[in-house]
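Trainee: The structure file query31.cif (mmCIF, C-alpha atoms, pLDDT in the B column; chains and numbers go by the auth columns) is provided below.
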data_query
#
loop_
_atom_site.group_PDB
_atom_site.id
_atom_site.type_symbol
_atom_site.label_atom_id
_atom_site.label_comp_id
_atom_site.label_asym_id
_atom_site.label_seq_id
_atom_site.Cartn_x
_atom_site.Cartn_y
_atom_site.Cartn_z
_atom_site.B_iso_or_equiv
_atom_site.auth_seq_id
_atom_site.auth_asym_id
ATOM 1 C CA THR A 1 0.000 0.000 0.000 49.00 1 A
ATOM 2 C CA GLN A 2 1.444 3.338 -1.101 55.00 2 A
ATOM 3 C CA LEU A 3 0.696 5.790 1.704 85.00 3 A
ATOM 4 C CA LEU A 4 1.706 8.830 -0.328 94.00 4 A
ATOM 5 C CA GLU A 5 0.421 9.122 -3.890 96.00 5 A
ATOM 6 C CA GLN A 6 2.182 11.572 -6.145 97.00 6 A
ATOM 7 C CA SER A 7 0.753 12.894 -9.377 97.00 7 A
ATOM 8 C CA PRO A 8 1.504 13.151 -12.133 97.00 8 A
ATOM 9 C CA GLN A 9 4.178 10.440 -12.317 96.00 9 A
ATOM 10 C CA PHE A 10 5.745 12.060 -15.376 97.00 10 A
ATOM 11 C CA LEU A 11 5.546 15.632 -16.634 97.00 11 A
ATOM 12 C CA SER A 12 7.301 17.198 -19.599 97.00 12 A
ATOM 13 C CA ILE A 13 6.768 20.886 -20.299 97.00 13 A
ATOM 14 C CA GLN A 14 8.451 23.775 -22.082 97.00 14 A
ATOM 15 C CA GLU A 15 10.738 26.212 -20.338 98.00 15 A
ATOM 16 C CA GLY A 16 8.812 29.213 -19.010 98.00 16 A
ATOM 17 C CA GLU A 17 5.592 27.323 -18.280 98.00 17 A
ATOM 18 C CA ASN A 18 4.080 26.886 -14.826 98.00 18 A
ATOM 19 C CA LEU A 19 3.307 23.523 -13.239 98.00 19 A
ATOM 20 C CA THR A 20 1.898 21.952 -10.100 98.00 20 A
ATOM 21 C CA VAL A 21 2.595 18.499 -8.702 98.00 21 A
ATOM 22 C CA TYR A 22 0.588 16.858 -5.968 98.00 22 A
ATOM 23 C CA CYS A 23 1.172 14.588 -3.003 97.00 23 A
ATOM 24 C CA ASN A 24 -1.915 12.985 -1.448 96.00 24 A
ATOM 25 C CA SER A 25 -2.604 10.592 1.383 95.00 25 A
ATOM 26 C CA SER A 26 -5.437 9.312 3.523 93.00 26 A
ATOM 27 C CA SER A 27 -3.093 9.496 6.523 91.00 27 A
ATOM 28 C CA VAL A 28 -2.245 12.513 8.655 92.00 28 A
ATOM 29 C CA PHE A 29 1.417 13.469 8.835 91.00 29 A
ATOM 30 C CA SER A 30 3.123 15.575 11.486 90.00 30 A
ATOM 31 C CA SER A 31 5.282 17.066 8.749 91.00 31 A
ATOM 32 C CA LEU A 32 5.736 16.766 5.019 94.00 32 A
ATOM 33 C CA GLN A 33 8.972 17.270 3.149 95.00 33 A
ATOM 34 C CA TRP A 34 9.869 17.735 -0.498 97.00 34 A
ATOM 35 C CA TYR A 35 13.117 16.470 -1.963 97.00 35 A
ATOM 36 C CA ARG A 36 14.663 16.665 -5.410 97.00 36 A
ATOM 37 C CA GLN A 37 16.778 13.798 -6.716 97.00 37 A
ATOM 38 C CA GLU A 38 19.159 13.738 -9.670 94.00 38 A
ATOM 39 C CA PRO A 39 20.025 10.414 -11.392 91.00 39 A
ATOM 40 C CA GLY A 40 22.603 8.447 -9.419 90.00 40 A
ATOM 41 C CA GLU A 41 22.484 10.802 -6.436 94.00 41 A
ATOM 42 C CA GLY A 42 20.681 10.950 -3.116 96.00 42 A
ATOM 43 C CA PRO A 43 17.629 13.175 -2.578 97.00 43 A
ATOM 44 C CA VAL A 44 18.235 16.793 -1.556 97.00 44 A
ATOM 45 C CA LEU A 45 15.840 18.470 0.873 96.00 45 A
ATOM 46 C CA LEU A 46 13.926 21.438 -0.569 97.00 46 A
ATOM 47 C CA VAL A 47 11.468 22.276 2.212 96.00 47 A
ATOM 48 C CA THR A 48 9.692 21.021 5.337 95.00 48 A
ATOM 49 C CA VAL A 49 6.101 22.018 6.139 94.00 49 A
ATOM 50 C CA VAL A 50 4.619 21.248 9.552 93.00 50 A
ATOM 51 C CA THR A 51 1.463 23.341 10.071 93.00 51 A
ATOM 52 C CA GLY A 52 -1.817 22.674 8.288 94.00 52 A
ATOM 53 C CA GLY A 53 -2.383 25.335 5.624 96.00 53 A
ATOM 54 C CA GLU A 54 1.256 26.404 5.682 96.00 54 A
ATOM 55 C CA VAL A 55 2.708 27.940 2.526 97.00 55 A
ATOM 56 C CA LYS A 56 6.446 28.244 1.924 97.00 56 A
ATOM 57 C CA LYS A 57 8.212 29.864 -0.992 97.00 57 A
ATOM 58 C CA LEU A 58 11.670 29.044 -2.276 95.00 58 A
ATOM 59 C CA LYS A 59 12.379 31.400 -5.186 96.00 59 A
ATOM 60 C CA ARG A 60 10.107 30.142 -7.997 97.00 60 A
ATOM 61 C CA LEU A 61 8.879 27.151 -5.975 98.00 61 A
ATOM 62 C CA THR A 62 5.789 27.384 -3.752 98.00 62 A
ATOM 63 C CA PHE A 63 4.931 24.575 -1.347 98.00 63 A
ATOM 64 C CA GLN A 64 1.611 24.163 0.427 97.00 64 A
ATOM 65 C CA PHE A 65 0.551 21.795 3.203 96.00 65 A
ATOM 66 C CA GLY A 66 -3.126 20.886 3.267 96.00 66 A
ATOM 67 C CA ASP A 67 -5.306 22.091 6.132 95.00 67 A
ATOM 68 C CA ALA A 68 -5.818 18.521 7.335 94.00 68 A
ATOM 69 C CA ARG A 69 -2.092 17.706 6.976 93.00 69 A
ATOM 70 C CA LYS A 70 -2.847 14.868 4.561 94.00 70 A
ATOM 71 C CA ASP A 71 -1.692 16.409 1.305 95.00 71 A
ATOM 72 C CA SER A 72 0.732 18.881 -0.207 97.00 72 A
ATOM 73 C CA SER A 73 1.454 20.575 -3.495 97.00 73 A
ATOM 74 C CA LEU A 74 4.506 22.011 -5.217 98.00 74 A
ATOM 75 C CA HIS A 75 4.019 24.796 -7.734 98.00 75 A
ATOM 76 C CA ILE A 76 6.850 25.953 -10.002 98.00 76 A
ATOM 77 C CA THR A 77 6.554 29.270 -11.780 98.00 77 A
ATOM 78 C CA ALA A 78 8.376 29.918 -15.058 98.00 78 A
ATOM 79 C CA ALA A 79 10.101 26.533 -15.108 98.00 79 A
ATOM 80 C CA GLN A 80 13.744 26.379 -16.134 97.00 80 A
ATOM 81 C CA THR A 81 15.748 23.480 -17.583 96.00 81 A
ATOM 82 C CA GLY A 82 17.634 23.302 -14.279 96.00 82 A
ATOM 83 C CA ASP A 83 14.387 22.294 -12.545 97.00 83 A
ATOM 84 C CA THR A 84 14.516 18.920 -14.311 97.00 84 A
ATOM 85 C CA GLY A 85 14.630 16.048 -11.834 96.00 85 A
ATOM 86 C CA LEU A 86 12.671 13.626 -9.669 97.00 86 A
ATOM 87 C CA TYR A 87 10.556 15.397 -7.052 98.00 87 A
ATOM 88 C CA LEU A 88 9.752 13.300 -3.996 98.00 88 A
ATOM 89 C CA CYS A 89 7.374 14.058 -1.170 97.00 89 A
ATOM 90 C CA ALA A 90 7.922 12.378 2.164 95.00 90 A
ATOM 91 C CA GLY A 91 5.933 12.365 5.384 93.00 91 A
ATOM 92 C CA VAL A 92 6.770 11.935 9.054 88.00 92 A
ATOM 93 C CA LYS A 93 3.991 10.091 10.873 79.00 93 A
ATOM 94 C CA GLY A 94 5.019 11.236 14.338 71.00 94 A
ATOM 95 C CA GLY A 95 4.210 9.368 17.535 68.00 95 A
ATOM 96 C CA GLY A 96 7.869 8.495 18.045 65.00 96 A
ATOM 97 C CA ALA A 97 8.378 6.968 14.595 68.00 97 A
ATOM 98 C CA ASP A 98 11.139 8.869 12.843 75.00 98 A
ATOM 99 C CA GLY A 99 11.351 7.157 9.485 83.00 99 A
ATOM 100 C CA LEU A 100 10.103 9.000 6.434 89.00 100 A
ATOM 101 C CA THR A 101 7.446 7.545 4.138 92.00 101 A
ATOM 102 C CA PHE A 102 8.198 8.533 0.546 95.00 102 A
ATOM 103 C CA GLY A 103 5.971 8.735 -2.485 95.00 103 A
ATOM 104 C CA LYS A 104 7.139 7.304 -5.819 95.00 104 A
ATOM 105 C CA GLY A 105 7.966 10.750 -7.102 97.00 105 A
ATOM 106 C CA THR A 106 7.190 12.961 -10.085 97.00 106 A
ATOM 107 C CA HIS A 107 9.679 12.844 -12.945 97.00 107 A
ATOM 108 C CA LEU A 108 9.842 16.398 -14.281 97.00 108 A
ATOM 109 C CA ILE A 109 11.494 17.283 -17.586 97.00 109 A
ATOM 110 C CA ILE A 110 11.764 20.912 -18.643 97.00 110 A
ATOM 111 C CA GLN A 111 12.442 21.229 -22.357 96.00 111 A
ATOM 112 C CA PRO A 112 14.388 24.248 -23.677 95.00 112 A
ATOM 113 C CA ASP B 1 32.480 18.793 6.664 55.00 1 B
ATOM 114 C CA THR B 2 31.509 17.679 3.166 74.00 2 B
ATOM 115 C CA GLY B 3 28.204 16.033 3.993 94.00 3 B
ATOM 116 C CA VAL B 4 27.183 12.393 4.214 97.00 4 B
ATOM 117 C CA SER B 5 29.704 10.049 2.636 97.00 5 B
ATOM 118 C CA GLN B 6 28.907 6.529 1.410 98.00 6 B
ATOM 119 C CA ASN B 7 31.304 3.855 0.230 97.00 7 B
ATOM 120 C CA PRO B 8 31.537 2.179 -2.125 98.00 8 B
ATOM 121 C CA ARG B 9 29.477 4.061 -4.726 97.00 9 B
ATOM 122 C CA HIS B 10 28.934 0.908 -6.742 97.00 10 B
ATOM 123 C CA LYS B 11 29.131 -2.766 -5.860 98.00 11 B
ATOM 124 C CA ILE B 12 28.595 -5.765 -8.105 98.00 12 B
ATOM 125 C CA THR B 13 28.434 -9.102 -6.355 98.00 13 B
ATOM 126 C CA LYS B 14 27.479 -12.663 -7.117 98.00 14 B
ATOM 127 C CA ARG B 15 24.334 -14.110 -5.619 98.00 15 B
ATOM 128 C CA GLY B 16 25.073 -15.709 -2.258 98.00 16 B
ATOM 129 C CA GLN B 17 27.995 -13.438 -1.372 98.00 17 B
ATOM 130 C CA ASN B 18 28.033 -11.077 1.602 98.00 18 B
ATOM 131 C CA VAL B 19 28.447 -7.336 1.125 98.00 19 B
ATOM 132 C CA THR B 20 29.056 -4.460 3.529 98.00 20 B
ATOM 133 C CA PHE B 21 28.442 -0.766 2.955 98.00 21 B
ATOM 134 C CA ARG B 22 29.739 2.127 5.002 98.00 22 B
ATOM 135 C CA CYS B 23 28.182 5.480 5.813 98.00 23 B
ATOM 136 C CA ASP B 24 29.916 8.462 7.417 97.00 24 B
ATOM 137 C CA PRO B 25 27.306 11.004 8.533 97.00 25 B
ATOM 138 C CA ILE B 26 27.732 14.724 9.127 95.00 26 B
ATOM 139 C CA SER B 27 29.866 14.782 12.261 92.00 27 B
ATOM 140 C CA GLU B 28 27.483 16.643 14.574 91.00 28 B
ATOM 141 C CA HIS B 29 24.398 14.665 13.488 93.00 29 B
ATOM 142 C CA ASN B 30 23.244 12.197 16.119 93.00 30 B
ATOM 143 C CA ARG B 31 20.699 10.337 13.979 94.00 31 B
ATOM 144 C CA LEU B 32 21.573 8.079 11.072 95.00 32 B
ATOM 145 C CA TYR B 33 19.136 6.364 8.715 95.00 33 B
ATOM 146 C CA TRP B 34 19.329 3.660 6.051 97.00 34 B
ATOM 147 C CA TYR B 35 16.949 3.542 3.093 97.00 35 B
ATOM 148 C CA ARG B 36 16.665 1.353 0.012 97.00 36 B
ATOM 149 C CA GLN B 37 15.495 2.642 -3.371 97.00 37 B
ATOM 150 C CA THR B 38 14.621 0.442 -6.321 95.00 38 B
ATOM 151 C CA LEU B 39 14.041 1.661 -9.853 91.00 39 B
ATOM 152 C CA GLY B 40 10.894 3.722 -10.202 88.00 40 B
ATOM 153 C CA GLN B 41 10.214 3.849 -6.477 92.00 41 B
ATOM 154 C CA GLY B 42 10.809 6.323 -3.732 94.00 42 B
ATOM 155 C CA PRO B 43 13.240 5.417 -0.943 95.00 43 B
ATOM 156 C CA GLU B 44 11.965 2.855 1.590 94.00 44 B
ATOM 157 C CA PHE B 45 12.928 3.115 5.242 93.00 45 B
ATOM 158 C CA LEU B 46 15.102 0.301 6.622 95.00 46 B
ATOM 159 C CA THR B 47 16.389 1.384 10.026 95.00 47 B
ATOM 160 C CA TYR B 48 17.694 4.266 12.081 93.00 48 B
ATOM 161 C CA PHE B 49 20.112 4.950 14.913 95.00 49 B
ATOM 162 C CA GLN B 50 20.255 7.605 17.554 94.00 50 B
ATOM 163 C CA ASN B 51 23.902 7.704 18.496 94.00 51 B
ATOM 164 C CA GLU B 52 24.857 4.022 18.786 94.00 52 B
ATOM 165 C CA ALA B 53 21.373 2.736 19.611 94.00 53 B
ATOM 166 C CA GLN B 54 19.286 1.175 16.834 94.00 54 B
ATOM 167 C CA LEU B 55 15.820 2.540 17.614 91.00 55 B
ATOM 168 C CA GLU B 56 13.629 1.397 14.757 88.00 56 B
ATOM 169 C CA LYS B 57 13.737 -1.367 12.149 90.00 57 B
ATOM 170 C CA SER B 58 11.430 -1.851 9.193 90.00 58 B
ATOM 171 C CA ARG B 59 9.864 -5.187 8.285 87.00 59 B
ATOM 172 C CA LEU B 60 11.924 -4.848 5.090 84.00 60 B
ATOM 173 C CA LEU B 61 15.041 -5.534 7.150 87.00 61 B
ATOM 174 C CA SER B 62 15.114 -9.315 6.922 90.00 62 B
ATOM 175 C CA ASP B 63 17.372 -11.582 8.966 93.00 63 B
ATOM 176 C CA ARG B 64 20.002 -11.326 6.229 96.00 64 B
ATOM 177 C CA PHE B 65 20.407 -7.604 6.867 96.00 65 B
ATOM 178 C CA SER B 66 22.257 -6.150 9.824 96.00 66 B
ATOM 179 C CA ALA B 67 23.226 -2.584 10.597 97.00 67 B
ATOM 180 C CA GLU B 68 25.593 -1.258 13.223 96.00 68 B
ATOM 181 C CA ARG B 69 26.781 2.084 14.472 97.00 69 B
ATOM 182 C CA PRO B 70 29.312 0.976 17.080 91.00 70 B
ATOM 183 C CA LYS B 71 30.608 4.320 18.354 88.00 71 B
ATOM 184 C CA GLY B 72 27.766 6.546 17.307 87.00 72 B
ATOM 185 C CA SER B 73 29.721 7.861 14.337 92.00 73 B
ATOM 186 C CA PHE B 74 29.941 5.849 11.090 97.00 74 B
ATOM 187 C CA SER B 75 27.558 3.010 10.325 98.00 75 B
ATOM 188 C CA THR B 76 27.765 -0.214 8.342 98.00 76 B
ATOM 189 C CA LEU B 77 25.004 -2.139 6.598 98.00 77 B
ATOM 190 C CA GLU B 78 25.738 -5.789 5.864 98.00 78 B
ATOM 191 C CA ILE B 79 23.720 -8.038 3.615 98.00 79 B
ATOM 192 C CA GLN B 80 24.417 -11.747 3.938 98.00 80 B
ATOM 193 C CA ARG B 81 23.721 -14.351 1.221 97.00 81 B
ATOM 194 C CA THR B 82 22.706 -11.686 -1.291 98.00 82 B
ATOM 195 C CA GLU B 83 19.780 -12.332 -3.618 97.00 83 B
ATOM 196 C CA GLN B 84 18.941 -10.703 -6.944 96.00 84 B
ATOM 197 C CA GLY B 85 16.054 -8.907 -5.256 95.00 85 B
ATOM 198 C CA ASP B 86 18.574 -7.060 -3.101 97.00 86 B
ATOM 199 C CA SER B 87 19.734 -5.092 -6.150 97.00 87 B
ATOM 200 C CA ALA B 88 18.950 -1.470 -5.343 97.00 88 B
ATOM 201 C CA MET B 89 20.418 1.873 -4.329 98.00 89 B
ATOM 202 C CA TYR B 90 21.162 1.908 -0.600 98.00 90 B
ATOM 203 C CA LEU B 91 20.939 5.410 0.800 98.00 91 B
ATOM 204 C CA CYS B 92 22.234 6.704 4.101 98.00 92 B
ATOM 205 C CA ALA B 93 21.003 9.928 5.662 96.00 93 B
ATOM 206 C CA SER B 94 21.702 11.826 8.847 95.00 94 B
ATOM 207 C CA SER B 95 20.007 14.511 10.898 93.00 95 B
ATOM 208 C CA LEU B 96 20.504 16.506 14.069 90.00 96 B
ATOM 209 C CA GLY B 97 17.607 15.489 16.239 83.00 97 B
ATOM 210 C CA GLY B 98 14.449 14.205 14.605 78.00 98 B
ATOM 211 C CA ALA B 99 13.550 14.411 10.935 79.00 99 B
ATOM 212 C CA ARG B 100 10.233 16.147 11.536 84.00 100 B
ATOM 213 C CA LEU B 101 11.463 19.734 11.421 84.00 101 B
ATOM 214 C CA ARG B 102 14.883 19.580 9.791 83.00 102 B
ATOM 215 C CA GLY B 103 14.607 16.763 7.299 88.00 103 B
ATOM 216 C CA TYR B 104 17.546 14.640 6.293 92.00 104 B
ATOM 217 C CA THR B 105 20.854 15.093 4.549 95.00 105 B
ATOM 218 C CA PHE B 106 21.318 12.118 2.239 97.00 106 B
ATOM 219 C CA GLY B 107 24.510 10.627 0.903 97.00 107 B
ATOM 220 C CA SER B 108 24.969 9.784 -2.770 97.00 108 B
ATOM 221 C CA GLY B 109 24.148 6.138 -2.143 97.00 109 B
ATOM 222 C CA THR B 110 25.691 2.758 -2.875 98.00 110 B
ATOM 223 C CA ARG B 111 24.286 1.044 -5.944 97.00 111 B
ATOM 224 C CA LEU B 112 24.260 -2.718 -5.440 98.00 112 B
ATOM 225 C CA THR B 113 23.898 -5.109 -8.358 98.00 113 B
ATOM 226 C CA VAL B 114 23.538 -8.808 -7.576 98.00 114 B
ATOM 227 C CA VAL B 115 24.282 -11.057 -10.552 97.00 115 B
#
Now that the file is in, can you turn its structure into structure tokens?
Mentor:
Amino acid sequence: TQLLEQSPQFLSIQEGENLTVYCNSSSVFSSLQWYRQEPGEGPVLLVTVVTGGEVKKLKRLTFQFGDARKDSSLHITAAQTGDTGLYLCAGVKGGGADGLTFGKGTHLIIQP
Amino acid sequence: DTGVSQNPRHKITKRGQNVTFRCDPISEHNRLYWYRQTLGQGPEFLTYFQNEAQLEKSRLLSDRFSAERPKGSFSTLEIQRTEQGDSAMYLCASSLGGARLRGYTFGSGTRLTVV
């Protein structure tokens, strides 16, 4: 059972376009994190959101945590070729458990 | 400090052989985590340590897998009697305190191929 569903799985768009990727679950998480992973490398943390309804901005990237802390979205404005990569969302369940539960990721390709 | 270091980067082994991977976390990080990632999947949690104590193990960590962090610094992950299904990227991560607020710093991983 995949606790975190990411959509779309694959997305290919032109440079300069906007896009949104989603991370959904039926479970509540005490925090949700977004990572970006390049081929052959480990994931790199982009952001952590912990409060329901929280919005964080990182340059052209906007992250939102759902009010019920079950879902999150990542919006990229004016995508650049350097944004190409695998975007992973990951949740911390809390209650003493410290392992992250990852989604399968969204493969994003930005075409020049 | 250059981040989380994993060795080797690649390992090819024959089925039935034992393999051991090493992870050196960021020096001031007290928590260390092991994950496994297969093609097309996100990383799956295996186990984590706080200092030298192994606090949580996933059901994915079968009897053939063992992890240690003897002095609370580097960690090793050993797989005994490897099987083809063990082929994956093994990722190590570290954090200062829990992952909830600060997230992890991952290493570049060890890619294991069992032939």
Trainee: Using all atoms listed in the file, which residues of chain B come within 8 Å of chain A, and what is the closest atom pair for each, with the distance in Å to one decimal? Give it as JSON lines, sorted by chain and residue number.
Mentor:
{"residue": "B:Tyr33", "atom": "CA", "partner": "A:Gly99", "partner_atom": "CA", "distance": 7.9}
{"residue": "B:Gly40", "atom": "CA", "partner": "A:Lys104", "partner_atom": "CA", "distance": 6.8}
{"residue": "B:Gln41", "atom": "CA", "partner": "A:Lys104", "partner_atom": "CA", "distance": 4.7}
{"residue": "B:Gly42", "atom": "CA", "partner": "A:Lys104", "partner_atom": "CA", "distance": 4.3}
{"residue": "B:Pro43", "atom": "CA", "partner": "A:Phe102", "partner_atom": "CA", "distance": 6.1}
{"residue": "B:Glu44", "atom": "CA", "partner": "A:Phe102", "partner_atom": "CA", "distance": 6.9}
{"residue": "B:Phe45", "atom": "CA", "partner": "A:Gly99", "partner_atom": "CA", "distance": 6.1}
{"residue": "B:Thr47", "atom": "CA", "partner": "A:Gly99", "partner_atom": "CA", "distance": 7.7}
{"residue": "B:Tyr48", "atom": "CA", "partner": "A:Gly99", "partner_atom": "CA", "distance": 7.4}
{"residue": "B:Glu56", "atom": "CA", "partner": "A:Ala97", "partner_atom": "CA", "distance": 7.7}
{"residue": "B:Leu91", "atom": "CA", "partner": "A:Gly42", "partner_atom": "CA", "distance": 6.8}
{"residue": "B:Gly98", "atom": "CA", "partner": "A:Asp98", "partner_atom": "CA", "distance": 6.5}
{"residue": "B:Ala99", "atom": "CA", "partner": "A:Asp98", "partner_atom": "CA", "distance": 6.3}
{"residue": "B:Arg100", "atom": "CA", "partner": "A:Ser31", "partner_atom": "CA", "distance": 5.8}
{"residue": "B:Leu101", "atom": "CA", "partner": "A:Thr48", "partner_atom": "CA", "distance": 6.5}
{"residue": "B:Arg102", "atom": "CA", "partner": "A:Thr48", "partner_atom": "CA", "distance": 7.0}
{"residue": "B:Gly103", "atom": "CA", "partner": "A:Leu45", "partner_atom": "CA", "distance": 6.8}
{"residue": "B:Tyr104", "atom": "CA", "partner": "A:Leu45", "partner_atom": "CA", "distance": 6.9}
{"residue": "B:Thr105", "atom": "CA", "partner": "A:Val44", "partner_atom": "CA", "distance": 6.9}
{"residue": "B:Phe106", "atom": "CA", "partner": "A:Gly42", "partner_atom": "CA", "distance": 5.5}
{"residue": "B:Gly107", "atom": "CA", "partner": "A:Gly42", "partner_atom": "CA", "distance": 5.6}
{"residue": "B:Ser108", "atom": "CA", "partner": "A:Gly42", "partner_atom": "CA", "distance": 4.5}
{"residue": "B:Gly109", "atom": "CA", "partner": "A:Gly42", "partner_atom": "CA", "distance": 6.0}
Trainee: Edge lengths and centre in Å to one decimal, as JSON, of the axis-aligned box that encloses all listed atoms of region 20-34 of chain B with 3 Å added on every side?
Mentor:
{"center_x": 24.5, "center_y": 6.1, "center_z": 9.5, "size_x": 16.8, "size_y": 27.1, "size_z": 19.2}
Trainee: Could you work out how far CA of Pro8 (chain A) lies from CA of Gln37 (chain B), giving the answer in Å with one decimal?
Mentor: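 Going from CA of Gln37 (chain B) over to CA of Pro8 (chain A) covers 19.6 Å.
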Trainee: Given the PyMOL selection byres ((chain A and resi 53) around 8) and the file above, list the residues it selects as a ChimeraX atom specification.
Mentor: /A:51-52,54-55,64-69
Trainee: Separation of CA of Leu74 (chain A) and CA of Gln14 (chain A), in Å?
Mentor: 17.4 Å
Trainee: Please report the interatomic distance between CA of His75 (chain A) and CA of Glu5 (chain A) in Å with one decimal.
Mentor: 16.5 Å
Trainee: Since the input is missing atoms, can you rebuild N, CA and C atoms for region 40-51 of chain A and write them as a CSV table (one decimal), keeping the file's coordinate frame?
Mentor:
chain,number,residue,atom,x,y,z
A,40,GLY,N,21.4,8.9,-10.0
A,40,GLY,CA,22.6,8.4,-9.4
A,40,GLY,C,23.0,9.2,-8.2
A,41,GLU,N,22.2,10.0,-7.6
A,41,GLU,CA,22.5,10.8,-6.4
A,41,GLU,C,21.4,10.6,-5.4
A,42,GLY,N,21.7,11.0,-4.1
A,42,GLY,CA,20.7,11.0,-3.1
A,42,GLY,C,19.7,12.1,-3.2
A,43,PRO,N,18.6,12.0,-2.6
A,43,PRO,CA,17.6,13.2,-2.6
A,43,PRO,C,18.2,14.4,-1.8
A,44,VAL,N,17.8,15.6,-2.2
A,44,VAL,CA,18.2,16.8,-1.6
A,44,VAL,C,17.0,17.5,-1.0
A,45,LEU,N,17.0,17.8,0.2
A,45,LEU,CA,15.8,18.5,0.9
A,45,LEU,C,15.6,19.9,0.3
A,46,LEU,N,14.3,20.1,-0.1
A,46,LEU,CA,13.9,21.4,-0.6
A,46,LEU,C,13.2,22.2,0.6
A,47,VAL,N,12.3,21.6,1.2
A,47,VAL,CA,11.5,22.3,2.2
A,47,VAL,C,10.8,21.3,3.2
A,48,THR,N,10.5,21.8,4.4
A,48,THR,CA,9.7,21.0,5.3
A,48,THR,C,8.5,21.9,5.7
A,49,VAL,N,7.3,21.3,5.7
A,49,VAL,CA,6.1,22.0,6.1
A,49,VAL,C,5.5,21.2,7.3
A,50,VAL,N,5.1,21.9,8.3
A,50,VAL,CA,4.6,21.2,9.6
A,50,VAL,C,3.2,21.7,10.0
A,51,THR,N,2.8,22.8,9.6
A,51,THR,CA,1.5,23.3,10.1
A,51,THR,C,0.4,23.2,9.0
